[in-house]
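Encoded as structure tokens, the structure appears first; notes follow it.
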Amino acid sequence: MANNLTIVMYHYVRPLRGSRYPDLKALELERFRGQLGFIQRHYHVVSMEEVIAATRGDASLPERALLMTFDDGYRDHYQHVLPLLVDRGLQGSFFPPVCAVRDNRMLDVNKIHFILASGANPRQLIDEIYATLDAKRTEYSLPGNAEYFAAYSRESRYDDPQVTFVKRVLQKGLPKSLREPLIDRLFRRFVTEDERGFAAELYMNSVELRELRSAGMFIGSHGDRHLWLNTLSVEEQRHEIDASLDFLSELGVLAHDWVMCYPYGGYDDSLLGILRDRHCALGLTVEVGVADLTQHDALLLPRLDTNDLPIDGKALPNKWTCNATTI
Ligand SMILES: [Zn+2]
């Protein structure tokens, strides 16, 4: 019985060349088009409803089933992704964080992306970070700058050590009370003073999300403030989940058969308990792999990144595509 499922994760999808932020780590729209070609040749794109039915044993999936997921509620998804999916009769699943969409608040993670794409030299950003560390070292008992760099810089799948350092130290490496003002300062200095206006352009609004739904797309939870949910108290975890469920219900999404997509892939046992209490049907992580619905916990499904699949419609199947048949 075929119950393997390839879930692909997308973030920014936009025409980069000639745009205001050509260095943004985004998937170039043409490449997305190419990847859709590859996916349609080698996979069967399934809907979230079909996947939920399969995890309950009510149905089995076609061979090489693939689910497309789009995180963070970017307007890219409305503007560029939706028309392509509608054209091809494919369903995508979208996971907007509430505060970004409803309150026009920039997520810290997105501020960091645009700080890095602003054209500022990474060295300049590192100097700013060091200046903050120097000013607060005694108060917060912080280690030395070189020690910080050693701890947080590394070659990642996509970035060089300097960029990884800036990203990681701003995402996780400093106490919240230091990190947030520092990110704000860098964002105002290198990107814009008008956070709300920038957010209103960057993220979809409720009207666009409703249009997505009317077009047959699936919308799920990505929390309220896009936090590492495994770092929160149980009360805060409940708040994150319930705020996002209230928002989904405003959009007309059913309270059962809802799907959680963990921001940064962060979850823990208490969060999973809350999700089970609230009848969450599926959870999407950022662990890299092809899901086997007979093996994986439905709340802990792995995903591939868009970079794991070819972007040329004529490309030969790669190891993930081959895995999807043999698993
Ligand atoms: Zn996210």
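Naming works like this for the structure tokens: A, B, ... for the chains as they're shown, residue 1 at the start of each chain, ligands 1 onward in shown order.
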Exercise for review: Assign secondary structure with DSSP using the backbone only, and return the residues of stretch 78-276 of chain A in helix (DSSP H, G or I) as JSON, numbers by chain.
Suggested key: {"A": [78, 79, 80, 81, 82, 83, 84, 85, 86, 87, 88, 98, 99, 100, 101, 102, 103, 108, 109, 110, 111, 112, 113, 114, 115, 116, 117, 122, 123, 124, 125, 126, 127, 128, 129, 130, 131, 132, 133, 134, 135, 136, 137, 138, 139, 140, 145, 146, 147, 148, 149, 150, 151, 152, 161, 162, 163, 164, 165, 166, 167, 168, 169, 170, 171, 176, 177, 178, 179, 180, 181, 182, 183, 184, 185, 186, 187, 188, 189, 190, 195, 196, 197, 198, 199, 200, 201, 202, 206, 207, 208, 209, 210, 211, 212, 213, 214, 229, 230, 231, 234, 235, 236, 237, 238, 239, 240, 241, 242, 243, 244, 245, 246, 247, 248, 249, 250, 263, 264, 265, 269, 270, 271, 272, 273, 274, 275, 276]}
Exercise for review: Do a neighbour search on A:Leu107 at 12 Å with only C-alpha atoms, toss out local chain neighbours closer than 2 positions, and write the hits as an NGL selection string.
Suggested key: :A and (72-74 or 96-101 or 103-105 or 109-114 or 171 or 180 or 183-184 or 187 or 195-196 or 198-200 or 202-203 or 223-227 or 263)
For N, CA, C and O atoms, I'd like the residues from the last selection saved as a CSV table (one decimal), in the first residue's frame.
chain,number,residue,atom,x,y,z
A,72,ASP,N,4.6,31.0,6.3
A,72,ASP,CA,4.8,32.4,6.8
A,72,ASP,C,3.9,33.5,6.2
A,72,ASP,O,4.1,34.7,6.4
A,73,GLY,N,2.9,33.1,5.3
A,73,GLY,CA,1.9,34.0,4.9
A,73,GLY,C,2.4,35.2,4.0
A,73,GLY,O,1.8,36.3,4.0
A,74,TYR,N,3.4,34.9,3.2
A,74,TYR,CA,3.9,36.0,2.4
A,74,TYR,C,2.9,36.4,1.2
A,74,TYR,O,2.3,35.5,0.7
A,96,PRO,N,0.0,31.0,7.6
A,96,PRO,CA,0.4,32.4,8.0
A,96,PRO,C,0.4,32.5,9.5
A,96,PRO,O,-0.5,32.1,10.2
A,97,PRO,N,1.4,33.2,10.1
A,97,PRO,CA,1.4,33.5,11.5
A,97,PRO,C,0.4,34.7,11.7
A,97,PRO,O,0.4,35.6,10.9
A,98,VAL,N,-0.4,34.6,12.8
A,98,VAL,CA,-1.5,35.6,13.0
A,98,VAL,C,-1.0,37.0,13.0
A,98,VAL,O,-1.5,37.9,12.4
A,99,CYS,N,0.1,37.3,13.9
A,99,CYS,CA,0.5,38.7,14.1
A,99,CYS,C,0.9,39.4,12.8
A,99,CYS,O,0.7,40.6,12.7
A,100,ALA,N,1.5,38.6,11.9
A,100,ALA,CA,2.0,39.2,10.7
A,100,ALA,C,0.8,39.6,9.8
A,100,ALA,O,0.8,40.7,9.2
A,101,VAL,N,-0.2,38.7,9.7
A,101,VAL,CA,-1.3,39.0,8.8
A,101,VAL,C,-2.3,40.0,9.4
A,101,VAL,O,-2.7,40.9,8.7
A,103,ASP,N,-2.0,41.9,12.3
A,103,ASP,CA,-1.5,43.1,13.0
A,103,ASP,C,-0.4,43.9,12.2
A,103,ASP,O,0.2,44.8,12.7
A,104,ASN,N,-0.1,43.4,11.0
A,104,ASN,CA,1.0,44.0,10.2
A,104,ASN,C,2.3,44.1,11.1
A,104,ASN,O,3.0,45.1,11.0
A,105,ARG,N,2.6,43.0,11.8
A,105,ARG,CA,3.9,43.0,12.5
A,105,ARG,C,4.9,42.2,11.8
A,105,ARG,O,4.6,41.1,11.3
A,109,VAL,N,12.2,37.0,12.2
A,109,VAL,CA,13.0,36.2,11.3
A,109,VAL,C,13.0,36.9,9.9
A,109,VAL,O,14.0,36.9,9.2
A,110,ASN,N,11.9,37.5,9.6
A,110,ASN,CA,11.9,38.3,8.3
A,110,ASN,C,12.7,39.5,8.3
A,110,ASN,O,13.3,39.9,7.3
A,111,LYS,N,12.6,40.2,9.5
A,111,LYS,CA,13.5,41.4,9.6
A,111,LYS,C,14.9,41.0,9.4
A,111,LYS,O,15.7,41.7,8.7
A,112,ILE,N,15.3,39.8,9.9
A,112,ILE,CA,16.7,39.4,9.7
A,112,ILE,C,17.0,39.1,8.3
A,112,ILE,O,18.0,39.5,7.7
A,113,HIS,N,16.0,38.5,7.6
A,113,HIS,CA,16.3,38.2,6.1
A,113,HIS,C,16.5,39.5,5.4
A,113,HIS,O,17.4,39.5,4.5
A,114,PHE,N,15.7,40.5,5.6
A,114,PHE,CA,15.8,41.7,4.9
A,114,PHE,C,17.0,42.6,5.3
A,114,PHE,O,17.6,43.3,4.5
A,171,GLN,N,18.7,35.2,15.8
A,171,GLN,CA,17.5,34.4,16.0
A,171,GLN,C,17.5,33.8,17.4
A,171,GLN,O,16.5,33.7,18.1
A,180,GLU,N,15.8,41.6,20.6
A,180,GLU,CA,14.7,42.3,19.9
A,180,GLU,C,15.1,43.7,19.5
A,180,GLU,O,14.9,44.2,18.4
A,183,ILE,N,17.7,43.8,16.7
A,183,ILE,CA,17.1,43.5,15.4
A,183,ILE,C,16.4,44.7,14.9
A,183,ILE,O,16.5,45.1,13.7
A,184,ASP,N,15.6,45.3,15.8
A,184,ASP,CA,14.8,46.5,15.4
A,184,ASP,C,15.8,47.6,14.9
A,184,ASP,O,15.5,48.3,13.9
A,187,PHE,N,17.2,46.7,11.5
A,187,PHE,CA,16.1,46.8,10.5
A,187,PHE,C,15.8,48.3,10.1
A,187,PHE,O,15.7,48.6,9.0
A,195,GLU,N,8.0,50.0,9.6
A,195,GLU,CA,7.8,48.5,9.8
A,195,GLU,C,6.4,48.1,9.3
A,195,GLU,O,6.2,47.1,8.6
A,196,ARG,N,5.4,48.9,9.8
A,196,ARG,CA,4.0,48.5,9.5
A,196,ARG,C,3.8,48.5,8.0
A,196,ARG,O,3.1,47.6,7.4
A,198,PHE,N,5.9,48.2,5.6
A,198,PHE,CA,6.7,47.1,5.0
A,198,PHE,C,6.0,45.8,5.2
A,198,PHE,O,5.9,45.0,4.3
A,199,ALA,N,5.5,45.6,6.4
A,199,ALA,CA,4.8,44.3,6.7
A,199,ALA,C,3.5,44.2,5.9
A,199,ALA,O,3.2,43.1,5.4
A,200,ALA,N,2.8,45.3,5.7
A,200,ALA,CA,1.6,45.3,5.0
A,200,ALA,C,1.8,44.9,3.5
A,200,ALA,O,1.0,44.3,2.9
A,202,LEU,N,4.5,42.9,2.7
A,202,LEU,CA,5.2,41.6,2.7
A,202,LEU,C,4.2,40.4,2.9
A,202,LEU,O,4.4,39.4,2.3
A,203,TYR,N,3.2,40.6,3.8
A,203,TYR,CA,2.3,39.5,4.1
A,203,TYR,C,1.0,39.7,3.5
A,203,TYR,O,0.5,40.8,3.2
A,223,GLY,N,1.0,29.4,14.4
A,223,GLY,CA,1.1,30.1,15.6
A,223,GLY,C,0.7,31.6,15.5
A,223,GLY,O,0.3,32.0,14.4
A,224,ASP,N,0.8,32.3,16.6
A,224,ASP,CA,0.5,33.7,16.6
A,224,ASP,C,1.7,34.5,16.2
A,224,ASP,O,1.8,35.2,15.2
A,225,ARG,N,2.8,34.4,17.1
A,225,ARG,CA,3.9,35.3,16.9
A,225,ARG,C,5.1,34.7,16.3
A,225,ARG,O,6.2,35.2,16.3
A,226,HIS,N,5.0,33.5,15.8
A,226,HIS,CA,6.1,32.8,15.1
A,226,HIS,C,7.3,32.6,16.0
A,226,HIS,O,8.4,33.1,15.8
A,227,LEU,N,7.0,31.9,17.2
A,227,LEU,CA,8.1,31.7,18.2
A,227,LEU,C,8.5,30.3,18.2
A,227,LEU,O,7.8,29.4,17.6
A,263,PRO,N,6.6,26.7,13.8
A,263,PRO,CA,7.6,27.7,13.4
A,263,PRO,C,9.0,27.2,13.8
A,263,PRO,O,9.2,26.7,14.9
For A:Leu301, work out the shell of residues within 12 Å, counting only C-alpha atoms and skipping chain neighbours fewer than 3 positions away, then give it as a JSON list (two decimals) with all heavy atoms, in the first residue's frame.
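And here's part.json as it stands now:
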[["chain", "number", "residue", "atom", "x", "y", "z"],
["A", 4, "ASN", "N", 3.50, 6.60, 1.34],
["A", 4, "ASN", "CA", 4.59, 7.55, 1.51],
["A", 4, "ASN", "C", 4.14, 8.89, 0.96],
["A", 4, "ASN", "O", 3.31, 8.97, 0.06],
["A", 4, "ASN", "CB", 5.85, 7.05, 0.80],
["A", 4, "ASN", "CG", 5.70, 7.06, -0.69],
["A", 4, "ASN", "OD1", 5.66, 8.13, -1.30],
["A", 4, "ASN", "ND2", 5.60, 5.89, -1.30],
["A", 5, "LEU", "N", 4.68, 9.90, 1.57],
["A", 5, "LEU", "CA", 4.24, 11.25, 1.21],
["A", 5, "LEU", "C", 5.44, 12.19, 1.23],
["A", 5, "LEU", "O", 6.13, 12.30, 2.25],
["A", 5, "LEU", "CB", 3.19, 11.73, 2.22],
["A", 5, "LEU", "CG", 2.76, 13.19, 2.10],
["A", 5, "LEU", "CD1", 2.02, 13.43, 0.78],
["A", 5, "LEU", "CD2", 1.89, 13.59, 3.29],
["A", 6, "THR", "N", 5.67, 12.85, 0.12],
["A", 6, "THR", "CA", 6.70, 13.88, 0.05],
["A", 6, "THR", "C", 6.02, 15.22, 0.32],
["A", 6, "THR", "O", 5.08, 15.58, -0.39],
["A", 6, "THR", "CB", 7.34, 13.90, -1.35],
["A", 6, "THR", "OG1", 7.91, 12.61, -1.60],
["A", 6, "THR", "CG2", 8.43, 14.96, -1.44],
["A", 7, "ILE", "N", 6.47, 15.90, 1.37],
["A", 7, "ILE", "CA", 5.91, 17.22, 1.66],
["A", 7, "ILE", "C", 7.00, 18.24, 1.36],
["A", 7, "ILE", "O", 8.12, 18.13, 1.88],
["A", 7, "ILE", "CB", 5.48, 17.34, 3.14],
["A", 7, "ILE", "CG1", 4.57, 16.17, 3.53],
["A", 7, "ILE", "CG2", 4.77, 18.68, 3.38],
["A", 7, "ILE", "CD1", 4.19, 16.14, 5.00],
["A", 8, "VAL", "N", 6.70, 19.19, 0.51],
["A", 8, "VAL", "CA", 7.71, 20.18, 0.14],
["A", 8, "VAL", "C", 7.38, 21.51, 0.80],
["A", 8, "VAL", "O", 6.21, 21.93, 0.83],
["A", 8, "VAL", "CB", 7.81, 20.39, -1.38],
["A", 8, "VAL", "CG1", 9.00, 21.26, -1.73],
["A", 8, "VAL", "CG2", 7.90, 19.06, -2.09],
["A", 9, "MET", "N", 8.42, 22.13, 1.33],
["A", 9, "MET", "CA", 8.26, 23.38, 2.07],
["A", 9, "MET", "C", 8.79, 24.55, 1.24],
["A", 9, "MET", "O", 9.91, 24.49, 0.72],
["A", 9, "MET", "CB", 9.06, 23.23, 3.36],
["A", 9, "MET", "CG", 9.35, 24.48, 4.12],
["A", 9, "MET", "SD", 10.12, 24.09, 5.73],
["A", 9, "MET", "CE", 11.68, 23.40, 5.25],
["A", 51, "VAL", "N", -4.54, 13.80, 2.56],
["A", 51, "VAL", "CA", -3.49, 13.35, 3.48],
["A", 51, "VAL", "C", -4.09, 13.03, 4.85],
["A", 51, "VAL", "O", -3.78, 12.00, 5.46],
["A", 51, "VAL", "CB", -2.38, 14.42, 3.62],
["A", 51, "VAL", "CG1", -1.37, 14.02, 4.69],
["A", 51, "VAL", "CG2", -1.68, 14.63, 2.28],
["A", 52, "ILE", "N", -4.99, 13.90, 5.33],
["A", 52, "ILE", "CA", -5.62, 13.67, 6.63],
["A", 52, "ILE", "C", -6.39, 12.34, 6.59],
["A", 52, "ILE", "O", -6.27, 11.51, 7.51],
["A", 52, "ILE", "CB", -6.54, 14.85, 7.01],
["A", 52, "ILE", "CG1", -5.70, 16.10, 7.28],
["A", 52, "ILE", "CG2", -7.39, 14.50, 8.24],
["A", 52, "ILE", "CD1", -6.49, 17.38, 7.46],
["A", 55, "THR", "N", -3.91, 9.49, 6.89],
["A", 55, "THR", "CA", -3.32, 9.25, 8.22],
["A", 55, "THR", "C", -4.33, 8.56, 9.12],
["A", 55, "THR", "O", -3.95, 7.91, 10.08],
["A", 55, "THR", "CB", -2.88, 10.57, 8.92],
["A", 55, "THR", "OG1", -4.00, 11.43, 9.03],
["A", 55, "THR", "CG2", -1.77, 11.25, 8.17],
["A", 67, "LEU", "N", 2.71, 16.80, -1.27],
["A", 67, "LEU", "CA", 1.91, 17.89, -0.72],
["A", 67, "LEU", "C", 2.78, 19.15, -0.72],
["A", 67, "LEU", "O", 3.93, 19.11, -0.28],
["A", 67, "LEU", "CB", 1.51, 17.53, 0.71],
["A", 67, "LEU", "CG", 0.68, 18.54, 1.49],
["A", 67, "LEU", "CD1", -0.78, 18.49, 1.03],
["A", 67, "LEU", "CD2", 0.76, 18.23, 3.00],
["A", 259, "VAL", "N", -4.40, 21.75, 10.87],
["A", 259, "VAL", "CA", -3.01, 21.30, 10.73],
["A", 259, "VAL", "C", -2.06, 22.32, 11.33],
["A", 259, "VAL", "O", -2.24, 23.52, 11.14],
["A", 259, "VAL", "CB", -2.68, 21.08, 9.23],
["A", 259, "VAL", "CG1", -1.21, 20.75, 9.04],
["A", 259, "VAL", "CG2", -3.57, 19.97, 8.66],
["A", 260, "MET", "N", -1.08, 21.82, 12.08],
["A", 260, "MET", "CA", -0.07, 22.69, 12.70],
["A", 260, "MET", "C", 1.23, 22.62, 11.93],
["A", 260, "MET", "O", 1.71, 21.52, 11.61],
["A", 260, "MET", "CB", 0.18, 22.19, 14.14],
["A", 260, "MET", "CG", 1.17, 23.04, 14.90],
["A", 260, "MET", "SD", 0.41, 24.64, 15.29],
["A", 260, "MET", "CE", 1.88, 25.65, 15.46],
["A", 261, "CYS", "N", 1.79, 23.76, 11.66],
["A", 261, "CYS", "CA", 3.11, 23.81, 11.06],
["A", 261, "CYS", "C", 3.99, 24.55, 12.07],
["A", 261, "CYS", "O", 3.76, 25.73, 12.35],
["A", 261, "CYS", "CB", 2.99, 24.58, 9.74],
["A", 261, "CYS", "SG", 4.55, 24.89, 8.92],
["A", 262, "TYR", "N", 4.95, 23.84, 12.68],
["A", 262, "TYR", "CA", 5.72, 24.42, 13.79],
["A", 262, "TYR", "C", 6.70, 25.47, 13.29],
["A", 262, "TYR", "O", 7.57, 25.15, 12.47],
["A", 262, "TYR", "CB", 6.52, 23.32, 14.50],
["A", 262, "TYR", "CG", 5.69, 22.11, 14.88],
["A", 262, "TYR", "CD1", 5.78, 20.92, 14.16],
["A", 262, "TYR", "CD2", 4.80, 22.17, 15.96],
["A", 262, "TYR", "CE1", 5.00, 19.82, 14.50],
["A", 262, "TYR", "CE2", 4.03, 21.07, 16.30],
["A", 262, "TYR", "CZ", 4.13, 19.90, 15.56],
["A", 262, "TYR", "OH", 3.36, 18.82, 15.90],
["A", 265, "GLY", "N", 10.23, 24.62, 13.20],
["A", 265, "GLY", "CA", 10.22, 23.20, 13.50],
["A", 265, "GLY", "C", 10.25, 22.89, 15.00],
["A", 265, "GLY", "O", 10.50, 21.75, 15.39],
["A", 281, "ALA", "N", -5.02, 17.50, 13.43],
["A", 281, "ALA", "CA", -4.94, 16.30, 12.57],
["A", 281, "ALA", "C", -3.51, 15.97, 12.17],
["A", 281, "ALA", "O", -3.13, 14.79, 12.13],
["A", 281, "ALA", "CB", -5.79, 16.50, 11.32],
["A", 282, "LEU", "N", -2.71, 16.98, 11.86],
["A", 282, "LEU", "CA", -1.35, 16.75, 11.37],
["A", 282, "LEU", "C", -0.42, 17.82, 11.89],
["A", 282, "LEU", "O", -0.83, 18.97, 12.08],
["A", 282, "LEU", "CB", -1.29, 16.85, 9.84],
["A", 282, "LEU", "CG", -2.04, 15.88, 8.96],
["A", 282, "LEU", "CD1", -1.77, 16.24, 7.51],
["A", 282, "LEU", "CD2", -1.59, 14.47, 9.24],
["A", 283, "GLY", "N", 0.85, 17.45, 12.06],
["A", 283, "GLY", "CA", 1.87, 18.43, 12.40],
["A", 283, "GLY", "C", 3.03, 18.33, 11.41],
["A", 283, "GLY", "O", 3.44, 17.22, 11.05],
["A", 284, "LEU", "N", 3.52, 19.49, 10.98],
["A", 284, "LEU", "CA", 4.60, 19.51, 10.00],
["A", 284, "LEU", "C", 5.87, 20.06, 10.64],
["A", 284, "LEU", "O", 5.87, 21.16, 11.20],
["A", 284, "LEU", "CB", 4.21, 20.40, 8.81],
["A", 284, "LEU", "CG", 2.87, 20.08, 8.15],
["A", 284, "LEU", "CD1", 2.59, 21.08, 7.03],
["A", 284, "LEU", "CD2", 2.86, 18.65, 7.61],
["A", 285, "THR", "N", 6.95, 19.29, 10.56],
["A", 285, "THR", "CA", 8.22, 19.69, 11.16],
["A", 285, "THR", "C", 9.14, 20.22, 10.06],
["A", 285, "THR", "O", 8.72, 20.39, 8.92],
["A", 285, "THR", "CB", 8.90, 18.49, 11.85],
["A", 285, "THR", "OG1", 9.35, 17.58, 10.83],
["A", 285, "THR", "CG2", 7.97, 17.78, 12.81],
["A", 286, "VAL", "N", 10.40, 20.47, 10.41],
["A", 286, "VAL", "CA", 11.39, 20.80, 9.37],
["A", 286, "VAL", "C", 12.46, 19.71, 9.30],
["A", 286, "VAL", "O", 13.52, 19.93, 8.75],
["A", 286, "VAL", "CB", 12.04, 22.18, 9.58],
["A", 286, "VAL", "CG1", 11.00, 23.29, 9.45],
["A", 286, "VAL", "CG2", 12.73, 22.28, 10.94],
["A", 287, "GLU", "N", 12.16, 18.55, 9.90],
["A", 287, "GLU", "CA", 13.09, 17.44, 9.69],
["A", 287, "GLU", "C", 13.04, 17.06, 8.22],
["A", 287, "GLU", "O", 11.98, 17.11, 7.60],
["A", 287, "GLU", "CB", 12.69, 16.23, 10.54],
["A", 287, "GLU", "CG", 13.31, 16.28, 11.93],
["A", 287, "GLU", "CD", 12.29, 16.02, 13.02],
["A", 287, "GLU", "OE1", 11.76, 14.90, 13.04],
["A", 287, "GLU", "OE2", 12.03, 16.94, 13.81],
["A", 288, "VAL", "N", 14.22, 16.70, 7.67],
["A", 288, "VAL", "CA", 14.29, 16.49, 6.23],
["A", 288, "VAL", "C", 14.03, 15.02, 5.93],
["A", 288, "VAL", "O", 14.74, 14.14, 6.42],
["A", 288, "VAL", "CB", 15.69, 16.88, 5.69],
["A", 288, "VAL", "CG1", 15.73, 16.72, 4.18],
["A", 288, "VAL", "CG2", 16.01, 18.32, 6.08],
["A", 289, "GLY", "N", 13.01, 14.75, 5.13],
["A", 289, "GLY", "CA", 12.75, 13.36, 4.76],
["A", 289, "GLY", "C", 11.43, 13.21, 4.06],
["A", 289, "GLY", "O", 10.65, 14.16, 3.94],
["A", 290, "VAL", "N", 11.21, 11.98, 3.57],
["A", 290, "VAL", "CA", 9.93, 11.61, 2.98],
["A", 290, "VAL", "C", 9.12, 10.94, 4.09],
["A", 290, "VAL", "O", 9.65, 10.09, 4.80],
["A", 290, "VAL", "CB", 10.13, 10.66, 1.78],
["A", 290, "VAL", "CG1", 8.81, 10.12, 1.26],
["A", 290, "VAL", "CG2", 10.89, 11.37, 0.67],
["A", 291, "ALA", "N", 7.87, 11.33, 4.25],
["A", 291, "ALA", "CA", 7.06, 10.76, 5.33],
["A", 291, "ALA", "C", 6.52, 9.39, 4.91],
["A", 291, "ALA", "O", 6.18, 9.18, 3.75],
["A", 291, "ALA", "CB", 5.90, 11.69, 5.65],
["A", 292, "ASP", "N", 6.46, 8.50, 5.88],
["A", 292, "ASP", "CA", 5.79, 7.22, 5.68],
["A", 292, "ASP", "C", 4.63, 7.23, 6.67],
["A", 292, "ASP", "O", 4.85, 7.15, 7.89],
["A", 292, "ASP", "CB", 6.76, 6.07, 5.97],
["A", 292, "ASP", "CG", 6.08, 4.72, 5.85],
["A", 292, "ASP", "OD1", 4.83, 4.67, 5.75],
["A", 292, "ASP", "OD2", 6.79, 3.70, 5.86],
["A", 293, "LEU", "N", 3.43, 7.34, 6.16],
["A", 293, "LEU", "CA", 2.29, 7.53, 7.05],
["A", 293, "LEU", "C", 1.99, 6.31, 7.92],
["A", 293, "LEU", "O", 1.28, 6.42, 8.91],
["A", 293, "LEU", "CB", 1.04, 7.95, 6.26],
["A", 293, "LEU", "CG", 1.18, 9.25, 5.46],
["A", 293, "LEU", "CD1", -0.16, 9.64, 4.83],
["A", 293, "LEU", "CD2", 1.71, 10.39, 6.30],
["A", 294, "THR", "N", 2.56, 5.17, 7.55],
["A", 294, "THR", "CA", 2.37, 4.00, 8.41],
["A", 294, "THR", "C", 3.38, 4.01, 9.57],
["A", 294, "THR", "O", 3.22, 3.28, 10.54],
["A", 294, "THR", "CB", 2.53, 2.67, 7.62],
["A", 294, "THR", "OG1", 3.85, 2.66, 7.06],
["A", 294, "THR", "CG2", 1.49, 2.56, 6.51],
["A", 295, "GLN", "N", 4.44, 4.81, 9.46],
["A", 295, "GLN", "CA", 5.50, 4.83, 10.48],
["A", 295, "GLN", "C", 5.51, 6.10, 11.31],
["A", 295, "GLN", "O", 5.67, 6.06, 12.52],
["A", 295, "GLN", "CB", 6.88, 4.72, 9.78],
["A", 295, "GLN", "CG", 7.11, 3.44, 9.01],
["A", 295, "GLN", "CD", 7.23, 2.24, 9.93],
["A", 295, "GLN", "OE1", 7.81, 2.34, 11.02],
["A", 295, "GLN", "NE2", 6.66, 1.12, 9.54],
["A", 296, "HIS", "N", 5.40, 7.25, 10.64],
["A", 296, "HIS", "CA", 5.55, 8.52, 11.34],
["A", 296, "HIS", "C", 4.32, 8.87, 12.17],
["A", 296, "HIS", "O", 3.20, 8.62, 11.74],
["A", 296, "HIS", "CB", 5.80, 9.65, 10.34],
["A", 296, "HIS", "CG", 7.20, 9.71, 9.82],
["A", 296, "HIS", "ND1", 7.54, 9.29, 8.56],
["A", 296, "HIS", "CD2", 8.34, 10.13, 10.40],
["A", 296, "HIS", "CE1", 8.85, 9.45, 8.39],
["A", 296, "HIS", "NE2", 9.35, 9.96, 9.48],
["A", 297, "ASP", "N", 4.57, 9.48, 13.34],
["A", 297, "ASP", "CA", 3.49, 10.10, 14.10],
["A", 297, "ASP", "C", 2.89, 11.20, 13.22],
["A", 297, "ASP", "O", 3.63, 11.99, 12.63],
["A", 297, "ASP", "CB", 4.12, 10.71, 15.37],
["A", 297, "ASP", "CG", 3.08, 11.31, 16.31],
["A", 297, "ASP", "OD1", 2.04, 11.80, 15.82],
["A", 297, "ASP", "OD2", 3.33, 11.30, 17.53],
["A", 298, "ALA", "N", 1.56, 11.23, 13.12],
["A", 298, "ALA", "CA", 0.92, 12.21, 12.24],
["A", 298, "ALA", "C", 1.22, 13.65, 12.66],
["A", 298, "ALA", "O", 1.12, 14.58, 11.86],
["A", 298, "ALA", "CB", -0.59, 11.99, 12.20],
["A", 304, "LEU", "N", 10.57, 18.05, 2.88],
["A", 304, "LEU", "CA", 11.75, 18.44, 2.10],
["A", 304, "LEU", "C", 11.69, 19.95, 1.92],
["A", 304, "LEU", "O", 10.61, 20.55, 1.96],
["A", 304, "LEU", "CB", 11.73, 17.78, 0.71],
["A", 304, "LEU", "CG", 11.80, 16.27, 0.65],
["A", 304, "LEU", "CD1", 11.91, 15.82, -0.82],
["A", 304, "LEU", "CD2", 12.99, 15.73, 1.45]]
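Nearest residue to ligand 1, choosing from A:Asp71, A:Asp268, A:Glu63, A:Glu30 and counting only C-alpha atoms and all ligand atoms: A:Asp71.
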Check your understanding: Interatomic distance between atom CA of A:Tyr264 and atom CA of A:Thr231?
Key -> 11.5 Å
Check your understanding: Could you state the separation of atom CA of A:His11 and atom CA of A:Leu209 in Å, given to one decimal place?
Key ->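 Those two atoms sit 16.0 Å apart.
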Review point. Between A:Ala54, A:Ala243, A:Ser206, A:Gly220, which is the closest to ligand 1 once you count only C-alpha atoms and all ligand atoms?
Key: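 Of A:Ala54, A:Ala243, A:Ser206, A:Gly220, the one nearest ligand 1, counting only C-alpha atoms and all ligand atoms, is A:Gly220.
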Exercise for review: From a DSSP calculation on the backbone, collect every residue of stretch 20-264 of chain A in strand (DSSP E or B) and output the set as a list in words.
Suggested key: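 Everything in stretch 20-264 of chain A that counts as strand (DSSP E or B) is Leu27, Glu28, His44, Val45, Ala65, Leu66, Leu67, Met68, Thr69, Phe70, Asp71, Tyr74, Gly92, Ser93, Phe94, Phe95, Tyr203, Phe218, Ile219, Ser221, Trp258, Val259, Met260 and Cys261 of chain A.
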Serialized selection, C-alpha atoms, as a compact mmCIF listing (two decimals), in the first residue's frame:
# COMPACT_ATOMS: atom_id res chain seq x y z
CA LEU A 27 12.98 30.90 -4.76
CA GLU A 28 13.05 32.69 -8.13
CA HIS A 44 0.89 13.09 -7.78
CA VAL A 45 0.08 16.30 -5.98
CA ALA A 65 2.16 11.52 -3.43
CA LEU A 66 3.33 15.08 -2.84
CA LEU A 67 1.91 17.89 -0.72
CA MET A 68 3.00 21.49 -1.26
CA THR A 69 3.31 23.72 1.82
CA PHE A 70 3.95 27.47 1.97
CA ASP A 71 5.06 28.96 5.28
CA TYR A 74 3.89 36.02 2.35
CA GLY A 92 -1.24 24.28 -1.85
CA SER A 93 -1.37 24.53 1.95
CA PHE A 94 -0.57 27.90 3.50
CA PHE A 95 0.58 28.69 7.05
CA TYR A 203 2.34 39.53 4.13
CA PHE A 218 -5.80 24.83 2.53
CA ILE A 219 -4.91 27.15 5.41
CA SER A 221 -1.80 27.21 11.88
CA TRP A 258 -6.73 21.50 11.36
CA VAL A 259 -3.01 21.30 10.73
CA MET A 260 -0.07 22.69 12.70
CA CYS A 261 3.11 23.81 11.06
Would you mind listing what lies within 9 Å of A:Ile129 as a JSON list (two decimals) with N, CA, C and O atoms, in the first residue's frame, with only C-alpha atoms counted and same-chain residues fewer than 6 positions away left out?
[["chain", "number", "residue", "atom", "x", "y", "z"],
["A", 166, "VAL", "N", 25.37, 35.92, 11.83],
["A", 166, "VAL", "CA", 24.41, 37.02, 12.02],
["A", 166, "VAL", "C", 23.01, 36.44, 12.23],
["A", 166, "VAL", "O", 22.30, 36.79, 13.17],
["A", 169, "VAL", "N", 22.81, 34.29, 15.66],
["A", 169, "VAL", "CA", 22.96, 35.06, 16.89],
["A", 169, "VAL", "C", 21.72, 35.95, 17.07],
["A", 169, "VAL", "O", 21.22, 36.11, 18.18],
["A", 170, "LEU", "N", 21.17, 36.46, 15.97],
["A", 170, "LEU", "CA", 19.98, 37.29, 16.07],
["A", 170, "LEU", "C", 18.73, 36.44, 16.34],
["A", 170, "LEU", "O", 17.81, 36.88, 17.00],
["A", 182, "LEU", "N", 18.03, 44.99, 19.21],
["A", 182, "LEU", "CA", 19.13, 44.98, 18.24],
["A", 182, "LEU", "C", 18.61, 44.73, 16.82],
["A", 182, "LEU", "O", 18.98, 45.43, 15.87]]
